[in-house]
Structure formats: structure tokens, C-alpha cells
$ cat query_5.pdb   # PDB, C-alpha atoms, pLDDT in the B column
MODEL        1
ATOM      1  CA  GLU A   1      -9.244 -59.315 178.800  1.00 83.00           C
ATOM      2  CA  LEU A   2      -9.579 -58.067 175.247  1.00 84.00           C
ATOM      3  CA  GLU A   3     -13.347 -58.432 175.485  1.00 89.00           C
ATOM      4  CA  LYS A   4     -13.308 -56.351 178.652  1.00 91.00           C
ATOM      5  CA  VAL A   5     -11.335 -53.558 176.958  1.00 91.00           C
ATOM      6  CA  ARG A   6     -13.640 -53.736 173.944  1.00 92.00           C
ATOM      7  CA  SER A   7     -16.667 -53.453 176.230  1.00 93.00           C
ATOM      8  CA  MET A   8     -15.150 -50.440 177.986  1.00 92.00           C
ATOM      9  CA  LEU A   9     -14.392 -48.777 174.648  1.00 92.00           C
ATOM     10  CA  GLU A  10     -17.936 -49.375 173.415  1.00 93.00           C
ATOM     11  CA  LYS A  11     -19.279 -47.938 176.663  1.00 94.00           C
ATOM     12  CA  GLN A  12     -17.032 -44.886 176.216  1.00 93.00           C
ATOM     13  CA  LEU A  13     -18.183 -44.529 172.602  1.00 94.00           C
ATOM     14  CA  GLN A  14     -21.802 -44.644 173.748  1.00 95.00           C
ATOM     15  CA  ASP A  15     -21.061 -42.033 176.423  1.00 94.00           C
ATOM     16  CA  VAL A  16     -19.315 -39.834 173.868  1.00 95.00           C
ATOM     17  CA  GLY A  17     -22.251 -40.262 171.476  1.00 94.00           C
ATOM     18  CA  ALA A  18     -24.716 -39.313 174.215  1.00 96.00           C
ATOM     19  CA  GLU A  19     -22.593 -36.295 175.125  1.00 95.00           C
ATOM     20  CA  LYS A  20     -22.449 -35.320 171.432  1.00 95.00           C
ATOM     21  CA  ASP A  21     -26.262 -35.557 171.197  1.00 94.00           C
ATOM     22  CA  ARG A  22     -26.662 -33.447 174.336  1.00 95.00           C
ATOM     23  CA  LEU A  23     -24.243 -30.824 173.019  1.00 95.00           C
ATOM     24  CA  GLN A  24     -26.009 -30.819 169.642  1.00 95.00           C
ATOM     25  CA  GLU A  25     -29.340 -30.144 171.389  1.00 95.00           C
ATOM     26  CA  ARG A  26     -27.767 -27.241 173.278  1.00 94.00           C
ATOM     27  CA  LEU A  27     -26.274 -25.928 170.038  1.00 95.00           C
ATOM     28  CA  ASP A  28     -29.651 -26.165 168.301  1.00 95.00           C
ATOM     29  CA  GLY A  29     -31.258 -24.294 171.197  1.00 94.00           C
ATOM     30  CA  ALA A  30     -28.566 -21.622 171.071  1.00 95.00           C
ATOM     31  CA  ASP A  31     -29.077 -21.280 167.302  1.00 95.00           C
ATOM     32  CA  ALA A  32     -32.820 -20.814 167.814  1.00 95.00           C
ATOM     33  CA  ASP A  33     -32.159 -18.221 170.527  1.00 94.00           C
ATOM     34  CA  LEU A  34     -29.736 -16.415 168.236  1.00 95.00           C
ATOM     35  CA  LYS A  35     -32.266 -16.355 165.392  1.00 96.00           C
ATOM     36  CA  ALA A  36     -34.922 -14.979 167.744  1.00 95.00           C
ATOM     37  CA  TYR A  37     -32.512 -12.329 168.998  1.00 94.00           C
ATOM     38  CA  LYS A  38     -31.564 -11.344 165.431  1.00 95.00           C
ATOM     39  CA  SER A  39     -35.247 -11.035 164.574  1.00 95.00           C
ATOM     40  CA  GLU A  40     -35.808  -8.856 167.624  1.00 94.00           C
ATOM     41  CA  VAL A  41     -32.826  -6.690 166.683  1.00 94.00           C
ATOM     42  CA  GLU A  42     -34.231  -6.250 163.165  1.00 95.00           C
ATOM     43  CA  GLN A  43     -37.595  -5.243 164.626  1.00 95.00           C
ATOM     44  CA  MET A  44     -35.852  -2.751 166.902  1.00 94.00           C
ATOM     45  CA  LYS A  45     -33.942  -1.345 163.935  1.00 94.00           C
ATOM     46  CA  GLU A  46     -37.182  -0.949 161.992  1.00 95.00           C
ATOM     47  CA  LEU A  47     -38.855   0.714 164.970  1.00 93.00           C
ATOM     48  CA  ASN A  48     -35.832   2.966 165.388  1.00 92.00           C
ATOM     49  CA  SER A  49     -36.044   3.892 161.715  1.00 94.00           C
ATOM     50  CA  ASN A  50     -39.739   4.723 162.075  1.00 93.00           C
ATOM     51  CA  VAL A  51     -39.061   6.865 165.144  1.00 90.00           C
ATOM     52  CA  GLU A  52     -36.258   8.652 163.283  1.00 92.00           C
ATOM     53  CA  ALA A  53     -38.625   9.342 160.371  1.00 94.00           C
ATOM     54  CA  GLN A  54     -41.283  10.684 162.733  1.00 92.00           C
ATOM     55  CA  LEU A  55     -38.686  12.797 164.475  1.00 91.00           C
ATOM     56  CA  ALA A  56     -37.486  14.224 161.160  1.00 94.00           C
ATOM     57  CA  ALA A  57     -41.067  14.973 160.128  1.00 93.00           C
ATOM     58  CA  GLY A  58     -41.665  16.664 163.483  1.00 91.00           C
ATOM     59  CA  ARG A  59     -38.548  18.755 163.047  1.00 91.00           C
ATOM     60  CA  THR A  60     -39.694  19.788 159.578  1.00 94.00           C
ATOM     61  CA  ARG A  61     -43.118  20.783 160.913  1.00 92.00           C
ATOM     62  CA  MET A  62     -41.452  22.691 163.751  1.00 91.00           C
ATOM     63  CA  GLU A  63     -39.200  24.533 161.285  1.00 93.00           C
ATOM     64  CA  GLN A  64     -42.245  25.405 159.176  1.00 94.00           C
ATOM     65  CA  ALA A  65     -44.085  26.639 162.258  1.00 91.00           C
ATOM     66  CA  GLN A  66     -41.066  28.729 163.262  1.00 92.00           C
ATOM     67  CA  ALA A  67     -40.933  30.246 159.785  1.00 94.00           C
ATOM     68  CA  GLU A  68     -44.643  31.024 160.001  1.00 93.00           C
ATOM     69  CA  VAL A  69     -44.124  32.591 163.429  1.00 92.00           C
ATOM     70  CA  ARG A  70     -41.361  34.771 161.965  1.00 93.00           C
ATOM     71  CA  ASP A  71     -43.588  35.767 159.035  1.00 94.00           C
ATOM     72  CA  LEU A  72     -46.470  36.524 161.347  1.00 91.00           C
ATOM     73  CA  THR A  73     -44.190  38.533 163.598  1.00 94.00           C
ATOM     74  CA  VAL A  74     -43.100  40.605 160.607  1.00 94.00           C
ATOM     75  CA  SER A  75     -46.757  41.028 159.620  1.00 92.00           C
ATOM     76  CA  ARG A  76     -47.674  42.045 163.148  1.00 90.00           C
ATOM     77  CA  ASP A  77     -44.772  44.497 163.344  1.00 93.00           C
ATOM     78  CA  ALA A  78     -45.735  45.945 159.976  1.00 92.00           C
ATOM     79  CA  ALA A  79     -49.361  46.251 161.088  1.00 89.00           C
ATOM     80  CA  LEU A  80     -48.258  47.943 164.318  1.00 88.00           C
ATOM     81  CA  ALA A  81     -46.073  50.358 162.342  1.00 88.00           C
ATOM     82  CA  SER A  82     -48.972  51.050 160.023  1.00 86.00           C
ATOM     83  CA  LEU A  83     -51.236  51.659 163.005  1.00 80.00           C
ATOM     84  CA  LYS A  84     -48.825  54.132 164.533  1.00 86.00           C
ATOM     85  CA  ALA A  85     -48.457  55.980 161.217  1.00 83.00           C
ATOM     86  CA  SER A  86     -52.206  55.989 160.719  1.00 72.00           C
ATOM     87  CA  GLU A  87     -53.175  57.102 164.239  1.00 71.00           C
ATOM     88  CA  ALA A  88     -52.476  60.735 163.454  1.00 59.00           C
ATOM     89  CA  ALA A  89     -54.603  60.563 160.312  1.00 62.00           C
ATOM     90  CA  ALA A  90     -57.238  58.393 162.009  1.00 57.00           C
ATOM     91  CA  ALA A  91     -58.622  61.357 163.946  1.00 64.00           C
ATOM     92  CA  ALA A  92     -59.338  63.081 160.654  1.00 63.00           C
ATOM     93  CA  GLU A  93     -60.440  59.969 158.797  1.00 71.00           C
ATOM     94  CA  GLY A  94     -62.611  58.657 161.554  1.00 68.00           C
ATOM     95  CA  ASP A  95     -62.866  55.764 163.898  1.00 70.00           C
ATOM     96  CA  ALA A  96     -63.832  53.280 161.162  1.00 73.00           C
ATOM     97  CA  GLN A  97     -60.354  53.189 159.678  1.00 71.00           C
ATOM     98  CA  LEU A  98     -58.775  52.840 163.127  1.00 68.00           C
ATOM     99  CA  ALA A  99     -61.089  49.944 163.960  1.00 79.00           C
ATOM    100  CA  ALA A 100     -60.122  48.156 160.727  1.00 85.00           C
ATOM    101  CA  LEU A 101     -56.419  48.433 161.507  1.00 80.00           C
ATOM    102  CA  ARG A 102     -56.956  47.140 165.025  1.00 88.00           C
ATOM    103  CA  ALA A 103     -58.887  44.197 163.597  1.00 90.00           C
ATOM    104  CA  GLN A 104     -55.914  43.399 161.327  1.00 88.00           C
ATOM    105  CA  ILE A 105     -53.579  43.509 164.305  1.00 88.00           C
ATOM    106  CA  SER A 106     -55.913  41.346 166.348  1.00 90.00           C
ATOM    107  CA  ASN A 107     -56.124  38.824 163.521  1.00 89.00           C
ATOM    108  CA  ALA A 108     -52.326  38.789 163.144  1.00 88.00           C
ATOM    109  CA  GLU A 109     -51.900  38.316 166.906  1.00 91.00           C
ATOM    110  CA  GLU A 110     -54.429  35.472 166.915  1.00 91.00           C
ATOM    111  CA  ARG A 111     -52.561  33.747 164.090  1.00 90.00           C
ATOM    112  CA  LEU A 112     -49.297  34.371 165.915  1.00 90.00           C
ATOM    113  CA  ALA A 113     -50.738  32.819 169.077  1.00 91.00           C
ATOM    114  CA  GLU A 114     -52.000  29.829 167.071  1.00 91.00           C
ATOM    115  CA  ALA A 115     -48.625  29.418 165.411  1.00 90.00           C
ATOM    116  CA  ALA A 116     -46.865  29.658 168.788  1.00 91.00           C
ATOM    117  CA  ALA A 117     -49.208  27.003 170.196  1.00 91.00           C
ATOM    118  CA  ALA A 118     -48.524  24.792 167.166  1.00 90.00           C
ATOM    119  CA  ARG A 119     -44.788  25.284 167.662  1.00 91.00           C
ATOM    120  CA  GLU A 120     -45.081  24.270 171.318  1.00 92.00           C
ATOM    121  CA  GLU A 121     -47.028  21.148 170.314  1.00 91.00           C
ATOM    122  CA  LEU A 122     -44.424  20.268 167.684  1.00 90.00           C
ATOM    123  CA  GLN A 123     -41.666  20.830 170.245  1.00 92.00           C
ATOM    124  CA  ARG A 124     -43.490  18.463 172.616  1.00 90.00           C
ATOM    125  CA  GLN A 125     -43.759  15.853 169.852  1.00 90.00           C
ATOM    126  CA  VAL A 126     -40.074  16.207 169.033  1.00 90.00           C
ATOM    127  CA  SER A 127     -39.236  15.775 172.719  1.00 92.00           C
ATOM    128  CA  GLU A 128     -41.428  12.673 172.900  1.00 90.00           C
ATOM    129  CA  GLY A 129     -39.791  11.312 169.749  1.00 88.00           C
ATOM    130  CA  GLN A 130     -36.353  11.927 171.207  1.00 91.00           C
ATOM    131  CA  ALA A 131     -37.381  10.182 174.441  1.00 90.00           C
ATOM    132  CA  GLU A 132     -38.690   7.187 172.472  1.00 85.00           C
ATOM    133  CA  LEU A 133     -35.514   7.093 170.411  1.00 86.00           C
ATOM    134  CA  ALA A 134     -33.384   7.192 173.549  1.00 90.00           C
ATOM    135  CA  GLN A 135     -35.445   4.382 175.052  1.00 88.00           C
ATOM    136  CA  GLU A 136     -35.120   2.286 171.872  1.00 85.00           C
ATOM    137  CA  ARG A 137     -31.396   2.881 171.752  1.00 85.00           C
ATOM    138  CA  GLN A 138     -31.133   1.851 175.401  1.00 85.00           C
ATOM    139  CA  GLN A 139     -33.076  -1.308 174.650  1.00 83.00           C
ATOM    140  CA  LEU A 140     -30.797  -2.024 171.684  1.00 80.00           C
ATOM    141  CA  ASP A 141     -27.773  -1.547 173.926  1.00 79.00           C
ATOM    142  CA  GLU A 142     -29.178  -4.031 176.423  1.00 69.00           C
TER     143      GLU A 142
ENDMDL
END
$ encode --input "query_5.pdb" --output "C-alpha cells"
Amino acid sequence: ELEKVRSMLEKQLQDVGAEKDRLQERLDGADADLKAYKSEVEQMKELNSNVEAQLAAGRTRMEQAQAEVRDLTVSRDAALASLKASEAAAAAEGDAQLAALRAQISNAEERLAEAAAAREELQRQVSEGQAELAQERQQLDE
């Protein structure tokens, strides 16, 4: 009878040992999965940081373009004011002076158009950066 109980206990010990081994394997697998997930999270954080940096750079470029647009607008307005003041004298001074002022205005308007186009492009880049950031944040949340 004692031998029978001993045999049962040994069998139970073997079963417990096997269960322990199985649980240890699952734990090791879970640890590996956790390490992989942490690595992925770190990569996402780095990517997020890069997107934030690009977004900040885009905002800076957009602010610079807006400042240039303002400066060019002031230049254009000043050139237009100069043209209006000079139109009365232009009849006496000749068409050459009038043509030069119009060329200045045309040049200022071309630069203004270029600056406006650059601002639109920067705005598009900022929007793309914001969309990428939102997507990365959504992925991080998942």
C-alpha cells in the first residue's frame, strides 16, 4: 500500500514537473513577445520623434515663407504706391521710367506668387506630416 502511494506521488511529481516545464516554455515565449513588442514601441517612438522633427522644420519653413510673403506684399504695395505717385510725372518724364516701375511691380508680383506657391507646398508638407503623426499615434495606441 505504501509503495502504491509512493508511486502515485512520484507520478504526480512528474506531472507537476511536466506542467512546470510547459508553463516555463509559455513564459519564455511571452517574454520574447514582450521584448519584440518593446522593440517595436521604441522604433515607433523614434519614428514619431523623426516625424515631429520634420513637422517642426516644416512649420519653421512655412513661417519663413509667410514672413517673406508679408515682406513681398509690403514691397509690392510700396511699388504700387510709387507707381501711382509717379504716373503723373511719368507723362513728363517719358515712358521709359513708367516701364521700369512696371517691371519692378511685375518682379515683386512674380516673387510674391513664388512665395505663395512655396507656402502652399509647405502647408501640404505640414498636413502630410500631421497625417503621418496621427497614423503613428494610432498605431502606438493599437
$ atom_distance --input "query_5.pdb" --atom1 "CA of Thr60 in chain A" --atom2 "CA of Gln104 in chain A"
28.7 Å
$ resolve_selection --input "query_5.pdb" --expression "the PyMOL selection byres ((chain A and resi 62-71) around 9)" --output "PyMOL selection string"
chain A and resi 57-61+72-76+111-113+115-116+118-123+126
$ residues_near_point --input "query_5.pdb" --point "(-49.6, 41.5, 165.8)" --cutoff "7 Å" --atoms "all atoms listed in the file" --output "JSON list (two decimals) with C-alpha atoms, in the coordinates of the input"
[["chain", "number", "residue", "atom", "x", "y", "z"],
["A", 73, "THR", "CA", -44.19, 38.53, 163.60],
["A", 75, "SER", "CA", -46.76, 41.03, 159.62],
["A", 76, "ARG", "CA", -47.67, 42.04, 163.15],
["A", 77, "ASP", "CA", -44.77, 44.50, 163.34],
["A", 79, "ALA", "CA", -49.36, 46.25, 161.09],
["A", 80, "LEU", "CA", -48.26, 47.94, 164.32],
["A", 105, "ILE", "CA", -53.58, 43.51, 164.30],
["A", 106, "SER", "CA", -55.91, 41.35, 166.35],
["A", 108, "ALA", "CA", -52.33, 38.79, 163.14],
["A", 109, "GLU", "CA", -51.90, 38.32, 166.91]]
$ closest_residue --input "query_5.pdb" --among "A:Ser86, A:Ala81, A:Leu101, A:Asn48" --to "Gln130 in chain A" --atoms "only C-alpha atoms"
A:Asn48
$ atom_distance --input "query_5.pdb" --atom1 "CA of Asp28 in chain A" --atom2 "CA of Glu46 in chain A"
27.1 Å
$ atom_distance --input "query_5.pdb" --atom1 "CA of Leu27 in chain A" --atom2 "CA of Gln43 in chain A"
24.2 Å
$ resolve_selection --input "query_5.pdb" --expression "the PyMOL selection byres ((chain A and resi 44) around 12)" --output "list in words"
Tyr37, Lys38, Ser39, Glu40, Val41, Glu42, Gln43, Lys45, Glu46, Leu47, Asn48, Ser49, Asn50, Val51, Glu52, Glu132, Leu133, Gln135, Glu136, Arg137, Gln138, Gln139, Leu140, Asp141 and Glu142 of chain A
$ build_atoms --input "query_5.pdb" --residues "range 21-46 of chain A" --atoms "N, CA and C atoms" --output "mmCIF file, in the coordinates of the input"
data_model
loop_
_atom_site.group_PDB
_atom_site.id
_atom_site.type_symbol
_atom_site.label_atom_id
_atom_site.label_comp_id
_atom_site.auth_asym_id
_atom_site.auth_seq_id
_atom_site.Cartn_x
_atom_site.Cartn_y
_atom_site.Cartn_z
ATOM 1 N N ASP A 21 -24.842 -35.851 171.401
ATOM 2 C CA ASP A 21 -26.262 -35.557 171.197
ATOM 3 C C ASP A 21 -26.721 -34.423 172.120
ATOM 4 N N ARG A 22 -26.283 -34.486 173.366
ATOM 5 C CA ARG A 22 -26.662 -33.447 174.336
ATOM 6 C C ARG A 22 -26.106 -32.085 173.904
ATOM 7 N N LEU A 23 -24.860 -32.072 173.475
ATOM 8 C CA LEU A 23 -24.243 -30.824 173.019
ATOM 9 C C LEU A 23 -24.920 -30.309 171.750
ATOM 10 N N GLN A 24 -25.315 -31.224 170.861
ATOM 11 C CA GLN A 24 -26.009 -30.819 169.642
ATOM 12 C C GLN A 24 -27.351 -30.172 169.981
ATOM 13 N N GLU A 25 -28.065 -30.728 170.951
ATOM 14 C CA GLU A 25 -29.340 -30.144 171.389
ATOM 15 C C GLU A 25 -29.119 -28.734 171.933
ATOM 16 N N ARG A 26 -28.074 -28.571 172.729
ATOM 17 C CA ARG A 26 -27.767 -27.241 173.278
ATOM 18 C C ARG A 26 -27.417 -26.268 172.156
ATOM 19 N N LEU A 27 -26.646 -26.766 171.171
ATOM 20 C CA LEU A 27 -26.274 -25.928 170.038
ATOM 21 C C LEU A 27 -27.509 -25.525 169.241
ATOM 22 N N ASP A 28 -28.415 -26.478 169.013
ATOM 23 C CA ASP A 28 -29.651 -26.165 168.301
ATOM 24 C C ASP A 28 -30.467 -25.129 169.062
ATOM 25 N N GLY A 29 -30.537 -25.281 170.379
ATOM 26 C CA GLY A 29 -31.258 -24.294 171.197
ATOM 27 C C GLY A 29 -30.609 -22.934 171.125
ATOM 28 N N ALA A 30 -29.284 -22.900 171.167
ATOM 29 C CA ALA A 30 -28.566 -21.622 171.071
ATOM 30 C C ALA A 30 -28.788 -20.981 169.706
ATOM 31 N N ASP A 31 -28.804 -21.804 168.642
ATOM 32 C CA ASP A 31 -29.077 -21.280 167.302
ATOM 33 C C ASP A 31 -30.475 -20.660 167.236
ATOM 34 N N ALA A 32 -31.446 -21.339 167.811
ATOM 35 C CA ALA A 32 -32.820 -20.814 167.814
ATOM 36 C C ALA A 32 -32.880 -19.500 168.586
ATOM 37 N N ASP A 33 -32.190 -19.461 169.740
ATOM 38 C CA ASP A 33 -32.159 -18.221 170.527
ATOM 39 C C ASP A 33 -31.503 -17.095 169.738
ATOM 40 N N LEU A 34 -30.429 -17.425 169.022
ATOM 41 C CA LEU A 34 -29.736 -16.415 168.236
ATOM 42 C C LEU A 34 -30.631 -15.890 167.115
ATOM 43 N N LYS A 35 -31.347 -16.786 166.448
ATOM 44 C CA LYS A 35 -32.266 -16.355 165.392
ATOM 45 C C LYS A 35 -33.352 -15.449 165.956
ATOM 46 N N ALA A 36 -33.886 -15.802 167.114
ATOM 47 C CA ALA A 36 -34.922 -14.979 167.744
ATOM 48 C C ALA A 36 -34.354 -13.606 168.107
ATOM 49 N N TYR A 37 -33.138 -13.591 168.631
ATOM 50 C CA TYR A 37 -32.512 -12.329 168.998
ATOM 51 C C TYR A 37 -32.271 -11.467 167.762
ATOM 52 N N LYS A 38 -31.789 -12.098 166.670
ATOM 53 C CA LYS A 38 -31.564 -11.344 165.431
ATOM 54 C C LYS A 38 -32.875 -10.763 164.912
ATOM 55 N N SER A 39 -33.939 -11.531 165.009
ATOM 56 C CA SER A 39 -35.247 -11.035 164.574
ATOM 57 C C SER A 39 -35.674 -9.841 165.424
ATOM 58 N N GLU A 40 -35.452 -9.964 166.720
ATOM 59 C CA GLU A 40 -35.808 -8.856 167.624
ATOM 60 C C GLU A 40 -34.976 -7.619 167.316
ATOM 61 N N VAL A 41 -33.697 -7.814 167.027
ATOM 62 C CA VAL A 41 -32.826 -6.690 166.683
ATOM 63 C C VAL A 41 -33.321 -6.020 165.401
ATOM 64 N N GLU A 42 -33.713 -6.814 164.409
ATOM 65 C CA GLU A 42 -34.231 -6.250 163.165
ATOM 66 C C GLU A 42 -35.511 -5.445 163.421
ATOM 67 N N GLN A 43 -36.368 -5.970 164.290
ATOM 68 C CA GLN A 43 -37.595 -5.243 164.626
ATOM 69 C C GLN A 43 -37.255 -3.930 165.313
ATOM 70 N N MET A 44 -36.271 -3.974 166.207
ATOM 71 C CA MET A 44 -35.852 -2.751 166.902
ATOM 72 C C MET A 44 -35.271 -1.746 165.910
ATOM 73 N N LYS A 45 -34.501 -2.247 164.936
ATOM 74 C CA LYS A 45 -33.942 -1.345 163.935
ATOM 75 C C LYS A 45 -35.052 -0.699 163.121
ATOM 76 N N GLU A 46 -36.057 -1.489 162.759
ATOM 77 C CA GLU A 46 -37.182 -0.949 161.992
ATOM 78 C C GLU A 46 -37.940 0.088 162.815
#
